[in-house]
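Listing of coords12.pdb, PDB, C-alpha atoms and all ligand atoms
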ATOM      1  CA  LEU A 134       0.000   0.000   0.000
ATOM      2  CA  ALA A 135       2.783   2.415   0.931
ATOM      3  CA  LYS A 136       4.505   1.542  -2.323
ATOM      4  CA  LEU A 137       1.352   2.331  -4.290
ATOM      5  CA  ALA A 138       0.913   5.648  -2.479
ATOM      6  CA  GLY A 139       4.519   6.491  -3.221
ATOM      7  CA  LYS A 140       4.023   5.640  -6.858
ATOM      8  CA  ASN A 141       0.979   7.859  -7.135
ATOM      9  CA  ARG A 142       2.694  10.710  -5.347
ATOM     10  CA  ALA A 143       5.482  10.675  -7.910
ATOM     11  CA  HIS A 144       2.989  11.757 -10.565
ATOM     12  CA  LEU A 145       2.148  14.987  -8.776
ATOM     13  CA  PHE A 146       4.307  17.979  -9.464
ATOM     14  CA  ASP A 147       6.464  18.493  -6.424
ATOM     15  CA  PRO A 148       9.800  20.250  -6.925
ATOM     16  CA  ILE A 149      11.460  18.467  -4.000
ATOM     17  CA  ASN A 150      10.389  14.976  -5.000
ATOM     18  CA  ASP A 151      11.105  15.819  -8.614
ATOM     19  CA  GLU A 152      14.689  16.700  -7.660
ATOM     20  CA  THR A 153      14.962  13.528  -5.601
ATOM     21  CA  THR A 154      13.747  11.454  -8.512
ATOM     22  CA  ARG A 155      16.157  13.138 -10.871
ATOM     23  CA  ALA A 156      18.995  12.532  -8.426
ATOM     24  CA  GLN A 157      18.377   8.826  -8.815
ATOM     25  CA  PHE A 158      18.990   9.257 -12.537
ATOM     26  CA  MET A 159      22.262  11.104 -11.961
ATOM     27  CA  ARG A 160      24.515   8.573 -13.615
ATOM     28  CA  ILE A 161      27.871   7.516 -12.267
ATOM     29  CA  ASP A 162      29.537   8.196 -15.613
ATOM     30  CA  GLU A 163      28.108  11.722 -15.558
ATOM     31  CA  ILE A 164      29.705  12.260 -12.138
ATOM     32  CA  HIS A 165      32.942  10.799 -13.499
ATOM     33  CA  GLN A 166      32.820  13.240 -16.439
ATOM     34  CA  GLY A 167      32.174  16.117 -14.021
ATOM     35  CA  LEU A 168      35.252  15.106 -12.057
ATOM     36  CA  LEU A 169      37.390  14.923 -15.217
ATOM     37  CA  LYS A 170      36.073  18.296 -16.388
ATOM     38  CA  ASN A 171      36.795  19.829 -12.980
ATOM     39  CA  GLU A 172      33.173  20.864 -12.391
ATOM     40  CA  PHE A 173      33.164  20.181  -8.650
ATOM     41  CA  VAL A 174      33.910  22.928  -6.170
ATOM     42  CA  LEU A 175      34.210  23.162  -2.388
ATOM     43  CA  HIS A 176      32.404  25.839  -0.443
ATOM     44  CA  TYR A 177      33.448  26.595   3.123
ATOM     45  CA  GLN A 178      31.197  27.106   6.134
ATOM     46  CA  PRO A 179      32.731  28.650   9.274
ATOM     47  CA  LYS A 180      32.699  26.970  12.670
ATOM     48  CA  VAL A 181      33.011  29.348  15.603
ATOM     49  CA  ASN A 182      33.329  29.516  19.357
ATOM     50  CA  LEU A 183      29.800  30.704  20.110
ATOM     51  CA  SER A 184      30.546  33.088  22.965
ATOM     52  CA  SER A 185      33.908  34.535  21.859
ATOM     53  CA  GLY A 186      33.172  34.416  18.127
ATOM     54  CA  ALA A 187      36.651  32.987  17.420
ATOM     55  CA  VAL A 188      36.665  31.193  14.064
ATOM     56  CA  VAL A 189      37.913  27.669  14.755
ATOM     57  CA  GLY A 190      37.761  26.348  11.193
ATOM     58  CA  PHE A 191      35.675  25.701   8.107
ATOM     59  CA  GLU A 192      33.721  22.703   6.874
ATOM     60  CA  ALA A 193      34.316  21.963   3.191
ATOM     61  CA  LEU A 194      30.992  21.231   1.481
ATOM     62  CA  ILE A 195      30.986  19.954  -2.072
ATOM     63  CA  ARG A 196      28.966  21.541  -4.884
ATOM     64  CA  TRP A 197      28.741  20.630  -8.557
ATOM     65  CA  GLN A 198      28.877  23.485 -11.038
ATOM     66  CA  HIS A 199      26.841  21.537 -13.570
ATOM     67  CA  PRO A 200      27.015  22.904 -17.139
ATOM     68  CA  SER A 201      23.252  22.768 -17.729
ATOM     69  CA  ARG A 202      21.670  22.413 -14.290
ATOM     70  CA  GLY A 203      23.556  25.104 -12.359
ATOM     71  CA  LEU A 204      25.084  24.761  -8.900
ATOM     72  CA  LEU A 205      23.987  21.419  -7.465
ATOM     73  CA  LEU A 206      23.981  20.627  -3.737
ATOM     74  CA  PRO A 207      25.482  17.326  -2.538
ATOM     75  CA  GLY A 208      22.048  15.870  -1.757
ATOM     76  CA  LEU A 209      21.521  15.621  -5.507
ATOM     77  CA  PHE A 210      24.566  13.514  -6.347
ATOM     78  CA  ILE A 211      26.204  12.077  -3.203
ATOM     79  CA  PRO A 212      23.329   9.570  -2.691
ATOM     80  CA  ALA A 213      23.793   8.334  -6.274
ATOM     81  CA  LEU A 214      27.374   7.384  -5.369
ATOM     82  CA  SER A 215      26.331   5.293  -2.397
ATOM     83  CA  GLN A 216      28.413   2.109  -2.294
ATOM     84  CA  HIS A 217      30.011   2.918  -5.673
ATOM     85  CA  PRO A 218      33.844   2.977  -5.932
ATOM     86  CA  MET A 219      33.566   6.431  -7.547
ATOM     87  CA  ALA A 220      32.788   7.748  -4.035
ATOM     88  CA  VAL A 221      36.438   7.063  -3.196
ATOM     89  CA  ASN A 222      37.640   9.035  -6.265
ATOM     90  CA  LEU A 223      35.426  11.978  -5.418
ATOM     91  CA  GLY A 224      36.497  11.753  -1.762
ATOM     92  CA  ASN A 225      40.144  11.881  -2.796
ATOM     93  CA  TRP A 226      39.464  14.947  -4.911
ATOM     94  CA  VAL A 227      37.825  16.592  -1.871
ATOM     95  CA  ILE A 228      40.826  15.826   0.364
ATOM     96  CA  ASP A 229      43.364  17.042  -2.236
ATOM     97  CA  THR A 230      41.377  20.237  -2.816
ATOM     98  CA  ALA A 231      40.949  20.963   0.902
ATOM     99  CA  LEU A 232      44.685  20.430   1.532
ATOM    100  CA  ALA A 233      45.595  22.691  -1.424
ATOM    101  CA  GLN A 234      43.223  25.342  -0.035
ATOM    102  CA  LEU A 235      44.838  25.093   3.401
ATOM    103  CA  ALA A 236      48.280  25.535   1.773
ATOM    104  CA  GLN A 237      47.009  28.639  -0.007
ATOM    105  CA  TRP A 238      45.541  30.049   3.225
ATOM    106  CA  ASN A 239      48.767  29.245   5.107
ATOM    107  CA  ALA A 240      50.688  31.214   2.455
ATOM    108  CA  LEU A 241      48.318  34.155   2.938
ATOM    109  CA  GLY A 242      48.765  34.037   6.713
ATOM    110  CA  ILE A 243      45.230  32.740   7.310
ATOM    111  CA  ARG A 244      45.843  30.051   9.925
ATOM    112  CA  THR A 245      42.776  27.865  10.106
ATOM    113  CA  THR A 246      41.508  24.308   9.848
ATOM    114  CA  VAL A 247      39.263  22.521   7.351
ATOM    115  CA  SER A 248      36.902  19.590   7.925
ATOM    116  CA  VAL A 249      36.029  17.229   5.114
ATOM    117  CA  ASN A 250      33.137  14.770   4.976
ATOM    118  CA  ILE A 251      34.240  11.182   4.547
ATOM    119  CA  ASP A 252      32.060   8.626   2.759
ATOM    120  CA  SER A 253      31.734   5.240   4.449
ATOM    121  CA  LEU A 254      33.312   3.590   1.398
ATOM    122  CA  GLN A 255      36.450   5.693   1.921
ATOM    123  CA  LEU A 256      36.637   4.357   5.484
ATOM    124  CA  HIS A 257      36.772   0.841   4.111
ATOM    125  CA  ASP A 258      39.427   1.607   1.507
ATOM    126  CA  PRO A 259      42.468  -0.299   2.859
ATOM    127  CA  ASP A 260      44.824   2.412   1.489
ATOM    128  CA  PHE A 261      42.907   5.303   3.107
ATOM    129  CA  ALA A 262      45.352   6.215   5.915
ATOM    130  CA  ASP A 263      48.511   5.736   3.835
ATOM    131  CA  ARG A 264      47.072   7.730   0.952
ATOM    132  CA  LEU A 265      46.020  10.489   3.329
ATOM    133  CA  GLN A 266      49.612  10.701   4.554
ATOM    134  CA  ARG A 267      50.843  10.995   0.945
ATOM    135  CA  GLN A 268      48.190  13.630   0.212
ATOM    136  CA  LEU A 269      49.346  15.592   3.270
ATOM    137  CA  ASN A 270      53.008  15.246   2.255
ATOM    138  CA  ALA A 271      52.175  16.874  -1.090
ATOM    139  CA  GLN A 272      51.429  20.109   0.851
ATOM    140  CA  PRO A 273      54.477  20.663   3.049
ATOM    141  CA  SER A 274      53.076  23.802   4.739
ATOM    142  CA  VAL A 275      49.982  21.999   6.012
ATOM    143  CA  GLN A 276      50.024  20.410   9.466
ATOM    144  CA  PRO A 277      47.897  17.288  10.011
ATOM    145  CA  TRP A 278      45.874  18.949  12.802
ATOM    146  CA  GLN A 279      44.645  21.471  10.196
ATOM    147  CA  LEU A 280      42.578  18.707   8.592
ATOM    148  CA  GLU A 281      39.560  17.198  10.316
ATOM    149  CA  LEU A 282      37.786  14.112   9.019
ATOM    150  CA  GLU A 283      34.031  14.067   9.589
ATOM    151  CA  ILE A 284      32.641  10.579   9.890
ATOM    152  CA  LEU A 285      28.914   9.967   9.982
ATOM    153  CA  GLU A 286      27.756   8.370  13.192
ATOM    154  CA  THR A 287      25.623   6.040  11.067
ATOM    155  CA  GLY A 288      28.639   5.104   8.914
ATOM    156  CA  ALA A 289      30.719   4.293  11.998
ATOM    157  CA  LEU A 290      27.969   2.048  13.319
ATOM    158  CA  GLU A 291      28.250  -0.172  10.221
ATOM    159  CA  ASN A 292      31.605  -1.481  11.322
ATOM    160  CA  MET A 293      32.477  -0.324  14.810
ATOM    161  CA  ALA A 294      35.715  -2.249  15.326
ATOM    162  CA  HIS A 295      37.222  -1.148  12.026
ATOM    163  CA  VAL A 296      36.136   2.501  12.264
ATOM    164  CA  SER A 297      37.259   2.939  15.882
ATOM    165  CA  ALA A 298      40.702   1.477  15.068
ATOM    166  CA  LEU A 299      40.958   3.758  12.026
ATOM    167  CA  VAL A 300      39.931   6.856  13.993
ATOM    168  CA  ASN A 301      42.537   6.070  16.660
ATOM    169  CA  HIS A 302      45.149   5.578  13.961
ATOM    170  CA  LEU A 303      44.244   8.821  12.154
ATOM    171  CA  GLN A 304      44.355  10.804  15.408
ATOM    172  CA  ARG A 305      47.754   9.298  16.260
ATOM    173  CA  MET A 306      48.887  10.487  12.808
ATOM    174  CA  GLY A 307      47.891  13.974  13.972
ATOM    175  CA  PHE A 308      44.599  14.426  12.110
ATOM    176  CA  GLU A 309      41.425  15.479  13.886
ATOM    177  CA  CYS A 310      38.285  13.353  13.713
ATOM    178  CA  ALA A 311      34.659  14.321  14.314
ATOM    179  CA  LEU A 312      31.474  12.300  14.552
ATOM    180  CA  ASP A 313      28.973  13.948  12.182
ATOM    181  CA  ASP A 314      25.180  14.085  12.561
ATOM    182  CA  PHE A 315      25.443  12.713  16.085
ATOM    183  CA  GLY A 316      22.171  11.600  17.617
ATOM    184  CA  THR A 317      20.729  10.154  14.420
ATOM    185  CA  GLY A 318      22.379   6.740  14.692
ATOM    186  CA  TYR A 319      21.205   5.098  17.932
ATOM    187  CA  SER A 320      24.741   4.583  19.145
ATOM    188  CA  SER A 321      25.397   3.251  22.610
ATOM    189  CA  LEU A 322      27.653   4.585  25.316
ATOM    190  CA  THR A 323      29.994   1.677  24.598
ATOM    191  CA  PHE A 324      30.240   2.930  21.037
ATOM    192  CA  LEU A 325      31.254   6.414  22.147
ATOM    193  CA  LYS A 326      33.759   4.987  24.622
ATOM    194  CA  GLN A 327      35.444   2.990  21.847
ATOM    195  CA  LEU A 328      35.222   5.633  19.180
ATOM    196  CA  GLU A 329      37.588   8.272  20.417
ATOM    197  CA  ALA A 330      36.836  11.014  17.893
ATOM    198  CA  ARG A 331      37.749  14.291  19.571
ATOM    199  CA  THR A 332      34.634  16.159  18.410
ATOM    200  CA  ILE A 333      30.925  15.382  18.393
ATOM    201  CA  LYS A 334      28.745  17.315  15.945
ATOM    202  CA  ILE A 335      25.171  17.486  17.257
ATOM    203  CA  ASP A 336      22.816  16.868  14.355
ATOM    204  CA  GLN A 337      21.081  19.949  13.047
ATOM    205  CA  SER A 338      17.591  18.421  13.296
ATOM    206  CA  PHE A 339      17.821  18.498  17.117
ATOM    207  CA  VAL A 340      19.382  21.953  17.196
ATOM    208  CA  ARG A 341      16.780  23.404  14.845
ATOM    209  CA  GLY A 342      13.946  21.952  16.914
ATOM    210  CA  MET A 343      15.311  22.778  20.360
ATOM    211  CA  LEU A 344      13.527  26.141  20.794
ATOM    212  CA  ASP A 345       9.983  24.829  20.355
ATOM    213  CA  ASP A 346      10.327  21.171  21.200
ATOM    214  CA  ALA A 347      11.290  20.168  24.746
ATOM    215  CA  GLN A 348      12.342  16.697  23.600
ATOM    216  CA  HIS A 349      14.753  18.078  21.031
ATOM    217  CA  ALA A 350      16.141  20.417  23.676
ATOM    218  CA  ALA A 351      16.557  17.414  25.982
ATOM    219  CA  ILE A 352      18.476  15.537  23.273
ATOM    220  CA  VAL A 353      20.810  18.493  22.705
ATOM    221  CA  ASN A 354      21.340  18.768  26.452
ATOM    222  CA  SER A 355      22.041  15.034  26.791
ATOM    223  CA  VAL A 356      24.561  15.041  23.963
ATOM    224  CA  LEU A 357      26.320  18.008  25.580
ATOM    225  CA  ASP A 358      26.447  16.079  28.883
ATOM    226  CA  LEU A 359      27.758  13.039  27.061
ATOM    227  CA  ALA A 360      30.471  15.126  25.395
ATOM    228  CA  ARG A 361      31.519  16.596  28.751
ATOM    229  CA  ASN A 362      31.586  13.222  30.474
ATOM    230  CA  PHE A 363      33.642  11.671  27.682
ATOM    231  CA  THR A 364      35.846  14.812  27.394
ATOM    232  CA  ARG A 365      34.967  15.453  23.765
ATOM    233  CA  ARG A 366      34.412  18.801  22.080
ATOM    234  CA  ALA A 367      30.775  19.461  21.150
ATOM    235  CA  LEU A 368      29.764  21.473  18.102
ATOM    236  CA  ALA A 369      26.142  22.268  17.266
ATOM    237  CA  GLU A 370      25.199  22.149  13.589
ATOM    238  CA  GLY A 371      22.271  24.141  12.184
ATOM    239  CA  VAL A 372      22.582  27.248  14.385
ATOM    240  CA  GLU A 373      19.999  29.046  12.271
ATOM    241  CA  THR A 374      19.096  32.052  14.408
ATOM    242  CA  GLU A 375      20.570  34.229  17.103
ATOM    243  CA  ALA A 376      18.099  32.646  19.558
ATOM    244  CA  HIS A 377      19.500  29.171  18.801
ATOM    245  CA  GLY A 378      22.982  30.439  19.575
ATOM    246  CA  GLN A 379      21.827  31.953  22.878
ATOM    247  CA  ALA A 380      20.077  28.761  23.943
ATOM    248  CA  LEU A 381      23.143  26.679  23.073
ATOM    249  CA  ILE A 382      25.473  28.950  25.047
ATOM    250  CA  GLU A 383      23.132  28.692  28.044
ATOM    251  CA  LEU A 384      23.407  24.907  27.833
ATOM    252  CA  GLY A 385      27.202  25.220  27.772
ATOM    253  CA  CYS A 386      27.753  24.368  24.102
ATOM    254  CA  GLU A 387      31.104  25.821  23.095
ATOM    255  CA  PHE A 388      31.092  25.605  19.295
ATOM    256  CA  GLY A 389      28.568  26.100  16.522
ATOM    257  CA  GLN A 390      28.006  26.253  12.813
ATOM    258  CA  GLY A 391      24.966  27.475  10.911
ATOM    259  CA  TYR A 392      23.163  30.141   8.947
ATOM    260  CA  ALA A 393      23.126  32.574  11.924
ATOM    261  CA  ILE A 394      26.912  32.673  11.550
ATOM    262  CA  ALA A 395      27.321  32.164   7.791
ATOM    263  CA  HIS A 396      26.274  29.984   4.897
ATOM    264  CA  ALA A 397      28.928  27.966   3.086
ATOM    265  CA  MET A 398      30.863  30.344   0.815
ATOM    266  CA  PRO A 399      33.385  30.141  -2.020
ATOM    267  CA  ALA A 400      37.014  29.995  -0.845
ATOM    268  CA  ASP A 401      37.874  33.411  -2.246
ATOM    269  CA  THR A 402      35.309  35.176  -0.038
ATOM    270  CA  VAL A 403      36.541  33.611   3.206
ATOM    271  CA  ALA A 404      39.163  36.298   3.971
ATOM    272  CA  LEU A 405      36.615  39.095   3.514
ATOM    273  CA  TRP A 406      34.056  37.266   5.669
ATOM    274  CA  MET A 407      36.631  36.771   8.434
ATOM    275  CA  SER A 408      37.466  40.482   8.449
ATOM    276  CA  GLN A 409      33.780  41.415   8.764
ATOM    277  CA  TRP A 410      32.425  38.707  11.070
ATOM    278  CA  GLN A 411      31.205  39.876  14.452
ATOM    279  CA  VAL A 412      29.692  37.662  17.093
ATOM    280  CA  PRO A 413      26.116  38.781  17.955
ATOM    281  CA  ALA A 414      26.132  40.941  21.098
ATOM    282  CA  SER A 415      23.599  38.634  22.789
ATOM    283  CA  TRP A 416      26.014  35.691  22.443
ATOM    284  CA  ALA A 417      28.960  37.580  23.868
ATOM    285  CA  ALA A 418      26.701  38.718  26.762
ATOM    286  CA  HIS A 419      25.550  35.162  27.395
ATOM    287  CA  ARG A 420      28.969  33.821  28.300
ATOM    288  CA  PRO A 421      28.266  31.245  31.016
ATOM    289  CA  ALA A 422      29.608  32.103  34.475
ATOM    290  CA  VAL A 423      32.285  29.601  35.429
TER     291      VAL A 423
HETATM  292  P1  LIG B   1      26.694  17.733   6.795
HETATM  293  O1  LIG B   1      28.101  17.269   6.750
HETATM  294  O2  LIG B   1      25.928  17.463   8.043
HETATM  295  O3  LIG B   1      26.763  19.278   6.461
HETATM  296  C1  LIG B   1      25.875  20.233   6.958
HETATM  297  C2  LIG B   1      24.819  20.608   5.952
HETATM  298  O4  LIG B   1      23.906  21.499   6.564
HETATM  299  C3  LIG B   1      25.325  21.373   4.728
HETATM  300  O5  LIG B   1      24.465  21.097   3.630
HETATM  301  C4  LIG B   1      25.160  22.817   5.163
HETATM  302  O6  LIG B   1      25.102  23.750   4.081
HETATM  303  C5  LIG B   1      23.841  22.718   5.876
HETATM  304  N1  LIG B   1      23.678  23.774   6.875
HETATM  305  C6  LIG B   1      24.634  24.466   7.515
HETATM  306  N2  LIG B   1      24.123  25.333   8.383
HETATM  307  C7  LIG B   1      22.769  25.192   8.318
HETATM  308  C8  LIG B   1      21.668  25.816   8.995
HETATM  309  O7  LIG B   1      21.815  26.700   9.844
HETATM  310  N3  LIG B   1      20.420  25.391   8.647
HETATM  311  C9  LIG B   1      20.213  24.415   7.717
HETATM  312  N4  LIG B   1      18.959  24.067   7.445
HETATM  313  N5  LIG B   1      21.233  23.789   7.064
HETATM  314  C10 LIG B   1      22.498  24.184   7.366
HETATM  315  P2  LIG B   1      25.000  20.643   2.217
HETATM  316  O8  LIG B   1      26.202  21.442   1.831
HETATM  317  O9  LIG B   1      23.841  20.592   1.309
HETATM  318  O10 LIG B   1      25.527  19.170   2.513
HETATM  319  C11 LIG B   1      24.629  18.146   2.868
HETATM  320  C12 LIG B   1      25.368  16.871   3.233
HETATM  321  O11 LIG B   1      26.078  16.368   2.106
HETATM  322  C13 LIG B   1      26.436  17.078   4.299
HETATM  323  O12 LIG B   1      25.849  17.100   5.580
HETATM  324  C14 LIG B   1      27.302  15.869   4.064
HETATM  325  O13 LIG B   1      26.780  14.737   4.695
HETATM  326  C15 LIG B   1      27.203  15.689   2.566
HETATM  327  N6  LIG B   1      28.418  16.233   1.934
HETATM  328  C16 LIG B   1      28.753  17.520   1.685
HETATM  329  N7  LIG B   1      29.974  17.599   1.106
HETATM  330  C17 LIG B   1      30.425  16.319   1.032
HETATM  331  C18 LIG B   1      31.642  15.744   0.534
HETATM  332  O14 LIG B   1      32.573  16.417   0.099
HETATM  333  N8  LIG B   1      31.727  14.371   0.598
HETATM  334  C19 LIG B   1      30.726  13.599   1.124
HETATM  335  N9  LIG B   1      30.899  12.265   1.157
HETATM  336  N10 LIG B   1      29.599  14.121   1.588
HETATM  337  C20 LIG B   1      29.437  15.464   1.541
HETATM  338 MG    MG B   2      29.698  17.293   7.866
HETATM  339 MG    MG B   3      26.286  17.085   9.888
HETATM  340 MG    MG B   4      24.036  16.052   7.600
END
Transcribe the structure of this file into structure tokens.
Ligand code: C2E
Ligand code: MG
Ligand code: MG
Ligand code: MG
Amino acid sequence: LAKLAGKNRAHLFDPINDETTRAQFMRIDEIHQGLLKNEFVLHYQPKVNLSSGAVVGFEALIRWQHPSRGLLLPGLFIPALSQHPMAVNLGNWVIDTALAQLAQWNALGIRTTVSVNIDSLQLHDPDFADRLQRQLNAQPSVQPWQLELEILETGALENMAHVSALVNHLQRMGFECALDDFGTGYSSLTFLKQLEARTIKIDQSFVRGMLDDAQHAAIVNSVLDLARNFTRRALAEGVETEAHGQALIELGCEFGQGYAIAHAMPADTVALWMSQWQVPASWAAHRPAV
């Protein structure tokens, strides 16, 4: 019955579902061509200390400058790559590009860090860590701690033993690791104990809902407690409004990322944004008493 309903719904005009349907037709060879023709680009979204406003780094978010369809968001082509080896190629391009960008920023005196999103297939590539070291070596000015690898909580759950060993290895190599979209994957406390990623990114669905939904607020609060008890850094995703930032600071959340701070932007506008960014007065005023 659900299948039938879904089938019927697909006949209605609905821009979102239409895009989703088209994404399923995004062919692997088209993505491969886009890669060869250098049509992918990384945009950078700042991550800040919510009460001081200090910029702690940028998350690299992939976009596809498609010749006929315009700038495409990852939701339109990353799902098509699911479980396909091309995800590793695209992931390598992302890492190379982020490292090259860091080298350029280092040369300009912009000392910062970049996080990249890692596909679960990359995690299972046996050459991942060694290749990452070679990729880093190709940019002598870049320090490993300037690169953070964001691993989806759900991806880590697929193969706990492997992913926790890899994360430990990567962090011993000097890279930073973060658990992305935390709270969406039903992970246990044992999981968090074993997976020693330094940072936990609270999923934006809970952050967005926390102002009008007590249960979402409770989830955010619990994840913050969890982070404190396991001595991890917590970063809230989806800080959409000034009010979200205030509420997060009151709960003791140190770091945030979201539209209230900035949208993801092209690399060449980052320096200008940094020179103009000012933390909202209400956040600075909300600094928790210690
Ligand atoms: P993510 O890693 O959780 O990234 C956060 C997403 O939330 C980004 O969407 C970002 O633009 C969006 N966002 C940031 N602040 C706000 C906010 O205040 N409100 C709302 N509503 N959204 C906000 P984007 O760029 O469309 O990326 C979506 C997802 O695609 C990412 O989620 C990540 O899982 C994946 N992705 C992005 N780039 C890459 C990549 O290079 N490789 C892989 N494998 N996945 C990527
Ligand atoms: Mg991410
Ligand atoms: Mg996320
Ligand atoms: Mg996400």
Output the residue selection produced by the PyMOL selection byres (((not hetatm)) within 6 of (chain B and resi 1)) on the file above, formatted as a tab-separated table (two decimals) with C-alpha atoms, in the coordinates of the input.
chain	number	residue	atom	x	y	z
A	194	LEU	CA	30.99	21.23	1.48
A	195	ILE	CA	30.99	19.95	-2.07
A	206	LEU	CA	23.98	20.63	-3.74
A	207	PRO	CA	25.48	17.33	-2.54
A	208	GLY	CA	22.05	15.87	-1.76
A	224	GLY	CA	36.50	11.75	-1.76
A	227	VAL	CA	37.83	16.59	-1.87
A	250	ASN	CA	33.14	14.77	4.98
A	251	ILE	CA	34.24	11.18	4.55
A	252	ASP	CA	32.06	8.63	2.76
A	314	ASP	CA	25.18	14.08	12.56
A	371	GLY	CA	22.27	24.14	12.18
A	372	VAL	CA	22.58	27.25	14.38
A	373	GLU	CA	20.00	29.05	12.27
A	390	GLN	CA	28.01	26.25	12.81
A	391	GLY	CA	24.97	27.48	10.91
A	392	TYR	CA	23.16	30.14	8.95
A	397	ALA	CA	28.93	27.97	3.09
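Of the listed residues A:Ala233, A:Val249, A:Ala220, A:Ile394, the one whose atoms come nearest to ligand MG 3 (chain B) is A:Val249, with distances taken using only C-alpha atoms and all ligand atoms.
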Could you list the protein, DNA and RNA residues that have any atom within 12 Å of ligand MG 3 (chain B), counting all atoms listed in the file, and write them as a ChimeraX atom specification? /A:178,192-194,248-251,282-287,311-317,332-340,368-372,389-391
Output file for the residues above (C-alpha atoms, as a PDB file, keeping the file's coordinate frame):
ATOM      1  CA  GLN A 178      31.197  27.106   6.134  1.00  0.00           C
ATOM      2  CA  GLU A 192      33.721  22.703   6.874  1.00  0.00           C
ATOM      3  CA  ALA A 193      34.316  21.963   3.191  1.00  0.00           C
ATOM      4  CA  LEU A 194      30.992  21.231   1.481  1.00  0.00           C
ATOM      5  CA  SER A 248      36.902  19.590   7.925  1.00  0.00           C
ATOM      6  CA  VAL A 249      36.029  17.229   5.114  1.00  0.00           C
ATOM      7  CA  ASN A 250      33.137  14.770   4.976  1.00  0.00           C
ATOM      8  CA  ILE A 251      34.240  11.182   4.547  1.00  0.00           C
ATOM      9  CA  LEU A 282      37.786  14.112   9.019  1.00  0.00           C
ATOM     10  CA  GLU A 283      34.031  14.067   9.589  1.00  0.00           C
ATOM     11  CA  ILE A 284      32.641  10.579   9.890  1.00  0.00           C
ATOM     12  CA  LEU A 285      28.914   9.967   9.982  1.00  0.00           C
ATOM     13  CA  GLU A 286      27.756   8.370  13.192  1.00  0.00           C
ATOM     14  CA  THR A 287      25.623   6.040  11.067  1.00  0.00           C
ATOM     15  CA  ALA A 311      34.659  14.321  14.314  1.00  0.00           C
ATOM     16  CA  LEU A 312      31.474  12.300  14.552  1.00  0.00           C
ATOM     17  CA  ASP A 313      28.973  13.948  12.182  1.00  0.00           C
ATOM     18  CA  ASP A 314      25.180  14.085  12.561  1.00  0.00           C
ATOM     19  CA  PHE A 315      25.443  12.713  16.085  1.00  0.00           C
ATOM     20  CA  GLY A 316      22.171  11.600  17.617  1.00  0.00           C
ATOM     21  CA  THR A 317      20.729  10.154  14.420  1.00  0.00           C
ATOM     22  CA  THR A 332      34.634  16.159  18.410  1.00  0.00           C
ATOM     23  CA  ILE A 333      30.925  15.382  18.393  1.00  0.00           C
ATOM     24  CA  LYS A 334      28.745  17.315  15.945  1.00  0.00           C
ATOM     25  CA  ILE A 335      25.171  17.486  17.257  1.00  0.00           C
ATOM     26  CA  ASP A 336      22.816  16.868  14.355  1.00  0.00           C
ATOM     27  CA  GLN A 337      21.081  19.949  13.047  1.00  0.00           C
ATOM     28  CA  SER A 338      17.591  18.421  13.296  1.00  0.00           C
ATOM     29  CA  PHE A 339      17.821  18.498  17.117  1.00  0.00           C
ATOM     30  CA  VAL A 340      19.382  21.953  17.196  1.00  0.00           C
ATOM     31  CA  LEU A 368      29.764  21.473  18.102  1.00  0.00           C
ATOM     32  CA  ALA A 369      26.142  22.268  17.266  1.00  0.00           C
ATOM     33  CA  GLU A 370      25.199  22.149  13.589  1.00  0.00           C
ATOM     34  CA  GLY A 371      22.271  24.141  12.184  1.00  0.00           C
ATOM     35  CA  VAL A 372      22.582  27.248  14.385  1.00  0.00           C
ATOM     36  CA  GLY A 389      28.568  26.100  16.522  1.00  0.00           C
ATOM     37  CA  GLN A 390      28.006  26.253  12.813  1.00  0.00           C
ATOM     38  CA  GLY A 391      24.966  27.475  10.911  1.00  0.00           C
TER      39      GLY A 391
END
Which residues are near Ala298 of chain A? Cut-off 12 Å, all atoms listed in the file, ignore same chain within fewer than 5 positions. Put them as a ChimeraX atom specification. /A:256-257,262,289,292-293,303-305,327-330
Same residues, C-alpha atoms, saved as a PDB file, in the coordinates of the input:
ATOM      1  CA  LEU A 256      36.637   4.357   5.484  1.00  0.00           C
ATOM      2  CA  HIS A 257      36.772   0.841   4.111  1.00  0.00           C
ATOM      3  CA  ALA A 262      45.352   6.215   5.915  1.00  0.00           C
ATOM      4  CA  ALA A 289      30.719   4.293  11.998  1.00  0.00           C
ATOM      5  CA  ASN A 292      31.605  -1.481  11.322  1.00  0.00           C
ATOM      6  CA  MET A 293      32.477  -0.324  14.810  1.00  0.00           C
ATOM      7  CA  LEU A 303      44.244   8.821  12.154  1.00  0.00           C
ATOM      8  CA  GLN A 304      44.355  10.804  15.408  1.00  0.00           C
ATOM      9  CA  ARG A 305      47.754   9.298  16.260  1.00  0.00           C
ATOM     10  CA  GLN A 327      35.444   2.990  21.847  1.00  0.00           C
ATOM     11  CA  LEU A 328      35.222   5.633  19.180  1.00  0.00           C
ATOM     12  CA  GLU A 329      37.588   8.272  20.417  1.00  0.00           C
ATOM     13  CA  ALA A 330      36.836  11.014  17.893  1.00  0.00           C
TER      14      ALA A 330
END
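The gap separating atom CA of Thr364 of chain A from atom CA of Pro259 of chain A is 29.6 Å, in Å to one decimal.
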Could you please determine the separation between atom CA of Ala414 of chain A and atom CA of Arg341 of chain A in Å, to one decimal place?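 Distance between the two atoms: 20.8 Å.
Within 7 Å of Ala236 of chain A, once all atoms listed in the file are used and residues closer than 2 positions along the same chain are dropped, the contacting residues are Leu232, Ala233, Gln234, Trp238, Asn239, Ala240, Gln272, Ser274 and Val275 of chain A.
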Could you check the closest approach to Lys180 of chain A for each of A:Asp258, A:Val247, A:Gly307, A:Arg267 and tell me which residue wins, using only C-alpha atoms? A:Val247
Here atom CA of Thr230 of chain A and atom CA of Val174 of chain A stand apart by 8.6 Å
